[in-house]
>>> print(open('entry-v2.cif').read())   # mmCIF, C-alpha atoms
data_run
loop_
_atom_site.label_atom_id
_atom_site.label_comp_id
_atom_site.auth_asym_id
_atom_site.auth_seq_id
_atom_site.Cartn_x
_atom_site.Cartn_y
_atom_site.Cartn_z
CA MET A 1 48.11 -51.48 23.87
CA ARG A 2 44.62 -49.97 23.91
CA PHE A 3 42.39 -49.79 26.96
CA TYR A 4 38.64 -49.22 27.17
CA ASP A 5 36.32 -48.29 30.00
CA SER A 6 33.71 -50.86 29.00
CA TYR A 7 33.29 -54.00 26.96
CA GLY A 8 30.84 -52.15 24.71
CA ARG A 9 33.47 -49.52 23.88
CA TYR A 10 35.95 -52.29 23.10
CA ILE A 11 33.52 -53.87 20.61
CA ASP A 12 32.96 -50.49 18.97
CA SER A 13 36.72 -50.12 18.53
CA LEU A 14 36.93 -53.34 16.50
CA ALA A 15 35.22 -51.55 13.61
CA ASP A 16 38.61 -49.89 12.97
CA ASP A 17 40.25 -53.31 12.57
CA LEU A 18 37.82 -54.76 10.03
CA ARG A 19 37.24 -52.02 7.48
CA TRP A 20 34.71 -52.02 4.68
CA MET A 21 36.41 -51.31 1.35
CA GLY A 22 33.26 -51.22 -0.75
CA GLY A 23 31.09 -53.92 -2.25
CA ASP A 24 31.61 -57.19 -0.37
CA ASP A 25 35.25 -56.55 0.49
CA PHE A 26 36.69 -56.00 3.98
CA LEU A 27 40.26 -55.37 5.12
CA LEU A 28 41.58 -56.93 8.32
CA THR A 29 44.15 -54.71 10.02
CA GLY A 30 45.36 -53.87 13.51
CA ASP A 31 48.36 -53.03 15.66
CA ARG A 32 49.84 -56.54 15.84
CA GLU A 33 52.55 -57.50 13.32
CA ARG A 34 52.68 -61.11 12.15
CA ILE A 35 55.29 -62.51 9.78
CA ILE A 36 54.28 -64.09 6.49
CA TYR A 37 57.10 -66.40 5.45
CA THR A 38 58.02 -65.79 1.83
CA TYR A 39 58.52 -68.84 -0.38
CA ARG A 40 58.19 -67.22 -3.81
CA ARG A 41 59.18 -63.68 -4.65
CA GLU A 42 57.94 -63.56 -8.27
CA PRO A 43 54.32 -62.69 -7.28
CA LEU A 44 55.68 -59.67 -5.38
CA GLU A 45 57.66 -58.20 -8.28
CA GLY A 46 56.88 -54.53 -8.67
CA LEU A 47 56.48 -53.95 -4.94
CA ARG A 48 59.08 -51.91 -3.10
CA PRO A 49 60.15 -51.90 0.55
CA ARG A 50 57.74 -50.19 2.97
CA ARG A 51 54.90 -50.55 0.47
CA ARG A 52 51.49 -51.58 1.88
CA PHE A 53 49.40 -54.02 -0.15
CA ARG A 54 46.40 -56.30 0.20
CA ALA A 55 46.65 -60.08 0.15
CA ARG A 56 44.23 -62.95 0.49
CA ILE A 57 44.29 -66.33 2.19
CA ASP A 58 44.88 -68.96 -0.49
CA HIS A 59 43.04 -72.21 0.28
CA GLY A 60 43.94 -73.87 -3.02
CA THR A 61 47.71 -73.94 -2.51
CA LEU A 62 48.64 -76.96 -0.42
CA SER A 63 52.44 -76.67 -0.45
CA LEU A 64 55.19 -74.21 -1.33
CA ARG A 65 58.92 -74.76 -1.86
CA SER A 66 61.26 -71.93 -1.00
CA ALA A 67 63.36 -70.86 -3.95
CA LEU A 68 65.85 -69.45 -1.42
CA THR A 69 66.41 -72.36 0.98
CA GLY A 70 64.63 -75.31 -0.65
CA GLY A 71 62.47 -75.69 2.47
CA VAL A 72 58.92 -76.90 1.94
CA TRP A 73 55.77 -75.62 3.58
CA ASN A 74 52.77 -77.96 3.70
CA ARG A 75 49.32 -76.78 4.73
CA GLU A 76 48.22 -77.60 8.27
CA ASP A 77 44.99 -77.06 10.18
CA THR A 78 46.11 -73.63 11.33
CA SER A 79 48.29 -72.48 8.44
CA ARG A 80 47.43 -71.30 4.95
CA ALA A 81 49.17 -69.90 1.91
CA VAL A 82 48.79 -66.21 1.10
CA SER A 83 48.41 -64.80 -2.39
CA TYR A 84 48.89 -61.41 -4.03
CA ASN A 85 47.01 -60.75 -7.25
CA GLY A 86 45.95 -64.41 -7.29
CA ARG A 87 49.47 -65.87 -6.97
CA ALA A 88 50.68 -67.58 -3.79
CA PHE A 89 53.89 -66.13 -2.39
CA GLY A 90 54.06 -67.21 1.25
CA ALA A 91 52.36 -68.81 4.23
CA PHE A 92 51.69 -68.18 7.91
CA HIS A 93 49.70 -69.58 10.82
CA THR A 94 46.26 -68.07 10.42
CA PHE A 95 44.77 -69.34 13.71
CA GLU A 96 41.62 -67.30 14.49
CA ILE A 97 41.56 -65.63 11.06
CA LEU A 98 40.13 -68.83 9.58
CA ASP A 99 37.12 -68.56 11.89
CA LEU A 100 36.57 -64.97 10.81
CA GLU A 101 36.90 -65.78 7.12
CA LYS A 102 34.46 -68.69 7.46
CA ALA A 103 31.85 -66.44 9.09
CA MET A 104 32.35 -63.83 6.37
CA ARG A 105 32.02 -66.34 3.53
CA LYS A 106 28.60 -67.37 4.85
CA VAL A 107 27.29 -63.86 4.26
CA GLY A 108 29.09 -63.49 0.92
CA TRP A 109 31.96 -61.24 2.02
CA ARG A 110 35.64 -61.35 1.03
CA LEU A 111 38.45 -60.90 3.50
CA TYR A 112 41.71 -59.15 2.63
CA LEU A 113 44.85 -58.94 4.75
CA ASP A 114 46.65 -55.64 5.35
CA CYS A 115 50.27 -56.44 4.46
CA ARG A 116 53.52 -54.55 4.13
CA PHE A 117 56.75 -55.24 2.30
CA LYS A 118 58.94 -54.42 5.30
CA GLU A 119 62.42 -54.75 3.81
CA TYR A 120 64.82 -57.14 2.14
CA TYR A 121 66.26 -59.50 4.71
CA VAL A 122 68.66 -61.55 2.54
CA GLU A 123 69.62 -61.66 -1.15
CA ASP A 124 66.80 -59.34 -2.22
CA TRP A 125 64.30 -61.63 -0.50
CA PRO A 126 61.18 -59.77 0.70
CA GLU A 127 60.25 -59.73 4.38
CA ILE A 128 56.45 -59.49 4.55
CA ILE A 129 54.28 -58.77 7.56
CA THR A 130 50.53 -58.56 8.03
CA TYR A 131 48.75 -56.34 10.52
CA THR A 132 45.98 -57.87 12.63
CA PRO A 133 44.20 -57.28 15.94
CA ASN A 134 44.77 -59.75 18.77
CA GLY A 135 43.25 -63.22 18.65
CA ALA A 136 40.39 -62.38 21.02
CA GLY A 137 39.35 -59.47 18.82
CA ILE A 138 39.34 -61.64 15.70
CA LEU A 139 37.20 -64.30 17.38
CA THR A 140 34.79 -61.60 18.56
CA MET A 141 34.47 -60.33 14.98
CA ALA A 142 33.73 -63.87 13.82
CA ASP A 143 31.09 -64.29 16.53
CA ILE A 144 29.36 -61.01 15.66
CA ILE A 145 29.26 -61.69 11.93
CA GLY A 146 28.15 -65.29 12.47
CA GLU A 147 25.41 -64.25 14.91
CA TYR A 148 24.08 -61.11 13.21
CA GLY A 149 25.25 -61.31 9.58
CA THR A 150 26.28 -57.66 9.71
CA TRP A 151 29.28 -55.52 10.57
CA PRO A 152 29.86 -53.51 12.67
CA ILE A 153 27.36 -53.68 15.52
CA ASP A 154 26.69 -51.41 18.47
CA GLY A 155 28.98 -52.54 21.28
CA ASP A 156 26.40 -52.07 24.05
CA VAL A 157 23.87 -54.21 22.16
CA TYR A 158 26.42 -56.98 21.63
CA ALA A 159 27.54 -56.88 25.27
CA ARG A 160 23.95 -57.34 26.48
CA ASP A 161 23.33 -60.16 24.01
CA VAL A 162 26.54 -61.94 25.02
CA GLU A 163 25.45 -61.81 28.66
CA VAL A 164 22.09 -63.36 27.76
CA ARG A 165 23.76 -66.10 25.71
CA ARG A 166 26.23 -66.88 28.49
CA LYS A 167 23.39 -67.11 30.99
CA ARG A 168 21.44 -69.49 28.74
CA GLU A 169 24.51 -71.65 28.14
CA ARG A 170 25.27 -71.82 31.86
CA GLU A 171 21.69 -72.85 32.62
CA ARG A 172 21.81 -75.49 29.88
CA LEU A 173 24.96 -77.00 31.35
CA ILE A 174 23.60 -76.94 34.90
CA ARG A 175 20.37 -78.64 33.82
CA GLY A 176 22.39 -81.31 32.09
CA ARG A 177 24.55 -81.90 35.14
CA THR A 178 21.89 -81.86 37.84
CA GLY A 179 18.64 -82.79 36.12
CA SER A 180 17.00 -79.57 37.38
CA ARG A 181 14.04 -78.27 35.40
CA SER A 182 13.68 -75.01 37.30
CA ALA A 183 12.71 -72.01 35.19
CA ASP A 184 15.18 -69.82 37.10
CA LEU A 185 18.70 -71.07 37.75
CA SER A 186 20.22 -67.70 38.61
CA GLU A 187 20.80 -68.90 42.19
CA ALA A 188 22.51 -72.14 41.14
CA VAL A 189 26.04 -72.51 42.50
CA GLU A 190 29.09 -74.24 41.05
CA THR A 191 31.97 -74.83 43.45
CA THR A 192 35.32 -76.52 42.80
CA PHE A 193 37.58 -78.34 45.27
CA SER A 194 41.12 -79.60 45.09
CA GLU A 195 41.62 -83.34 45.45
CA THR A 196 43.08 -82.86 48.94
CA SER A 197 40.23 -80.69 50.27
CA ASP A 198 38.61 -82.04 53.43
CA ARG A 199 35.25 -81.44 51.72
CA VAL A 200 36.34 -84.09 49.22
CA THR A 201 38.03 -86.59 51.51
CA CYS A 202 35.18 -86.53 54.04
CA PHE A 203 32.11 -86.50 51.79
CA MET A 204 32.31 -85.98 48.04
CA ARG A 205 34.70 -88.73 47.02
CA ASP A 206 32.07 -91.37 47.80
CA HIS A 207 29.59 -89.72 45.42
CA VAL A 208 31.66 -89.00 42.30
CA GLY A 209 29.54 -89.16 39.16
CA TRP A 210 26.36 -88.92 41.20
CA LYS A 211 23.48 -86.57 40.52
CA GLY A 212 20.03 -86.42 42.04
CA GLU A 213 17.87 -84.68 44.60
CA CYS A 214 19.14 -83.86 48.08
CA VAL A 215 17.38 -82.44 51.12
CA VAL A 216 18.99 -79.51 52.93
CA ARG A 217 19.32 -80.13 56.65
CA LEU A 218 20.70 -77.83 59.32
CA LYS A 219 22.90 -78.83 62.22
CA PRO A 220 22.47 -76.23 64.96
CA PRO A 221 25.53 -75.17 66.94
CA ALA A 222 26.12 -76.52 70.42
CA ARG A 223 24.27 -74.77 73.19
CA GLY A 224 26.03 -71.55 74.13
CA SER A 225 28.18 -71.55 70.98
CA GLN A 226 28.42 -68.40 68.85
CA ALA A 227 29.11 -70.46 65.71
CA LYS A 228 26.73 -70.27 62.80
CA PRO A 229 24.64 -73.34 61.95
CA ARG A 230 26.10 -75.73 59.39
CA PRO A 231 23.79 -76.79 56.55
CA HIS A 232 24.36 -80.12 54.88
CA LEU A 233 22.97 -82.13 51.99
CA GLU A 234 21.41 -85.55 52.43
CA THR A 235 20.16 -87.97 49.82
CA THR A 236 16.46 -88.83 49.80
CA ASP A 237 17.27 -92.49 50.54
CA ASP A 238 16.02 -94.22 53.66
CA PRO A 239 18.21 -93.98 55.62
CA PRO A 240 19.68 -90.84 54.02
CA ARG A 241 23.34 -90.58 53.07
CA LEU A 242 25.40 -87.52 53.85
CA VAL A 243 26.65 -85.93 50.63
CA TYR A 244 28.15 -82.60 51.65
CA VAL A 245 28.58 -80.29 54.64
CA SER A 246 29.01 -76.58 53.94
CA ARG A 247 31.26 -74.09 55.66
CA ILE A 248 30.09 -70.52 56.17
CA THR A 249 32.99 -69.35 54.00
CA ARG A 250 31.83 -71.33 50.96
CA LYS A 251 29.79 -69.60 48.28
CA GLU A 252 27.01 -72.23 48.39
CA TYR A 253 26.32 -71.47 52.07
CA PRO A 254 23.60 -68.79 51.51
CA LEU A 255 21.74 -71.03 49.04
CA LEU A 256 21.65 -73.90 51.51
CA VAL A 257 20.67 -71.79 54.52
CA ASP A 258 17.80 -70.24 52.54
CA ASN A 259 16.51 -73.69 51.52
CA VAL A 260 16.57 -75.70 54.74
CA GLY A 261 14.04 -78.52 54.45
CA ALA A 262 13.74 -78.12 50.69
CA ARG A 263 15.00 -80.38 47.93
CA LEU A 264 17.78 -79.22 45.67
CA HIS A 265 19.33 -80.81 42.60
CA VAL A 266 22.96 -81.80 43.13
CA SER A 267 25.78 -83.26 41.04
CA ILE A 268 29.37 -84.18 41.92
CA GLU A 269 31.98 -84.65 39.21
CA LEU A 270 35.65 -85.53 39.11
CA LEU A 271 37.38 -83.47 36.40
CA PHE A 272 40.76 -84.00 34.73
CA ASN A 273 43.35 -81.84 33.01
CA GLU A 274 45.56 -84.39 31.31
CA GLU A 275 48.10 -81.80 30.12
CA VAL A 276 49.15 -80.94 33.68
CA ASN A 277 47.99 -84.21 35.26
CA ASP A 278 45.61 -82.34 37.56
CA ARG A 279 42.30 -83.47 39.08
CA TRP A 280 39.64 -81.56 40.92
CA TYR A 281 36.01 -81.95 41.99
CA ARG A 282 33.01 -79.86 41.03
CA LEU A 283 29.89 -79.57 43.14
CA THR A 284 26.82 -78.10 41.42
CA ILE A 285 23.69 -77.21 43.39
CA ALA A 286 20.54 -75.96 41.68
CA PRO A 287 16.95 -75.22 42.74
#
>>> encode(input="entry-v2.cif", output="structure tokens")
Amino acid sequence: MRFYDSYGRYIDSLADDLRWMGGDDFLLTGDRERIIYTYRREPLEGLRPRRRFRARIDHGTLSLRSALTGGVWNREDTSRAVSYNGRAFGAFHTFEILDLEKAMRKVGWRLYLDCRFKEYYVEDWPEIITYTPNGAGILTMADIIGEYGTWPIDGDVYARDVEVRRKRERERLIRGRTGSRSADLSEAVETTFSETSDRVTCFMRDHVGWKGECVVRLKPPARGSQAKPRPHLETTDDPPRLVYVSRITRKEYPLLVDNVGARLHVSIELLFNEEVNDRWYRLTIAP
């Protein structure tokens, strides 16, 4: 496992995992071993155990039958055949590698896999592995090549650009949710609540799917109380409807306190995760 003191240094390190071999050819390598399941051994004749070799993803081969077991591999969305010297010999789940290869094809580059004939595992049948970085590294390579059309890139430059892109994407989503057209959404707040939160049961549940402008009002503490004032959001209807009351421990509290009397853009959504049958609420507040 490798560790880096900054994201920029991590990006720089990826240059060691996608190596230029000359011309338009690059070799994907790394410290992660992944098995390529061998279906045909004839294309590998001439190779010996422990020998490293270069292979390519074979998009033209749609199925392979194992001459050893009779089992059949059929191509899926995340699996592809692998060829050596133009002849398919095995298959594996390529996952993120397909994204990288797609980005490379757009700029006219060829991707090779760093493979090794590890040993014979049964009846002179080759056990083949390929070396790759982790999935996050491969996706980062794909993003860099797709965005810049070059490889490698200075890690500090990429880190700054990623931050700008994330900021723009966040602002785009917030504008879509709330209808805000503010030029600066850096102060916008997104807060989530469990379905059993008292913030939900008391206020938000009645406004699910709602977005619009709200006025920030402030309820002062009782005379003699040391409690901090509690800001709340009201609709602009006449009479206004109470949408949300903030606690001082919530992250939206400073935004509301600083905008008492002003109008803010608000949205309330009910979100689902069907895989775990979970539901939660999201409150978004933007200038």
>>> residues_around(input="entry-v2.cif", residues="Val189 (chain A)", least_positions_apart="5", cutoff="8 Å", atoms="all atoms listed in the file", output="list in words")
Lys251, Glu252, Leu255, Thr284, Ile285 and Ala286 of chain A
>>> resolve_selection(input="entry-v2.cif", expression="the PyMOL selection byres ((chain A and resi 21) around 12)", output="list in words")
Asp16, Leu18, Arg19, Trp20, Gly22, Gly23, Asp24, Asp25, Phe26, Leu27, Leu28, Arg54, Trp109, Arg110, Leu111, Tyr112, Leu113 and Asp114 of chain A
>>> closest_atom_pairs(input="entry-v2.cif", of="region 21-43 of chain A", to="region 61-73 of chain A", cutoff="9 Å", atoms="all atoms listed in the file", output="tab-separated table")
residue	atom	partner	partner_atom	distance
A:Thr38	CA	A:Ser66	CA	7.5
A:Tyr39	CA	A:Ser66	CA	4.2
A:Arg40	CA	A:Ser66	CA	6.3
A:Arg41	CA	A:Ala67	CA	8.3
>>> closest_residue(input="entry-v2.cif", among="A:Gly261, A:Gly155, A:Gly30, A:Gly149", to="Thr130 (chain A)", atoms="all atoms listed in the file")
A:Gly30
>>> resolve_selection(input="entry-v2.cif", expression="the PyMOL selection byres ((chain A and resi 99) around 12)", output="PyMOL selection string")
chain A and resi 77-78+94-98+100-106+111+135-146
>>> atom_distance(input="entry-v2.cif", atom1="CA of Arg172 (chain A)", atom2="CA of Glu147 (chain A)")
19.1 Å
>>> atom_distance(input="entry-v2.cif", atom1="CA of Val276 (chain A)", atom2="CA of Ser197 (chain A)")
18.8 Å
>>> resolve_selection(input="entry-v2.cif", expression="the PyMOL selection byres ((chain A and resi 42-45) around 10)", output="number ranges by chain")
A: 38-41, 46-48, 53, 83-90, 117, 126, 128
>>> atom_distance(input="entry-v2.cif", atom1="CA of Thr201 (chain A)", atom2="CA of Asp238 (chain A)")
23.4 Å
>>> residues_around(input="entry-v2.cif", residues="Ile57 (chain A)", least_positions_apart="6", cutoff="7 Å", atoms="only C-alpha atoms", output="JSON, numbers by chain")
{"A": [80, 81, 82, 83]}
>>> closest_residue(input="entry-v2.cif", among="A:Tyr158, A:Tyr37, A:Tyr131, A:Trp210", to="Arg52 (chain A)", atoms="only C-alpha atoms")
A:Tyr131
>>> residues_around(input="entry-v2.cif", residues="Glu171 (chain A)", least_positions_apart="6", cutoff="10 Å", atoms="only C-alpha atoms", output="VMD selection string")
chain A and resid 165 177 180 to 186 188 286
>>> closest_residue(input="entry-v2.cif", among="A:Ala262, A:Leu242, A:Ala222, A:Ile35", to="Thr132 (chain A)", atoms="only C-alpha atoms")
A:Ile35
>>> closest_residue(input="entry-v2.cif", among="A:Arg34, A:His207, A:Arg282, A:Arg168", to="Thr192 (chain A)", atoms="only C-alpha atoms")
A:Arg282
>>> axis_aligned_box(input="entry-v2.cif", around="region 210-229 of chain A", padding_each_side="3 Å", output="lines of an AutoDock Vina configuration file")
center_x = 23.2
center_y = -78.7
center_z = 57.3
size_x = 17.7
size_y = 26.5
size_z = 39.6
>>> closest_residue(input="entry-v2.cif", among="A:Glu274, A:Glu213, A:Asp237, A:Asp156", to="Tyr10 (chain A)", atoms="all atoms listed in the file")
A:Asp156
>>> residues_around(input="entry-v2.cif", residues="Thr196 (chain A)", least_positions_apart="5", cutoff="10 Å", atoms="only C-alpha atoms", output="JSON, numbers by chain")
{"A": [201, 279, 280, 281]}
>>> residues_around(input="entry-v2.cif", residues="Phe203 (chain A)", least_positions_apart="6", cutoff="8 Å", atoms="only C-alpha atoms", output="VMD selection string")
chain A and resid 242 to 245
>>> closest_residue(input="entry-v2.cif", among="A:Arg263, A:Arg50, A:Arg170, A:Lys228", to="Glu119 (chain A)", atoms="only C-alpha atoms")
A:Arg50
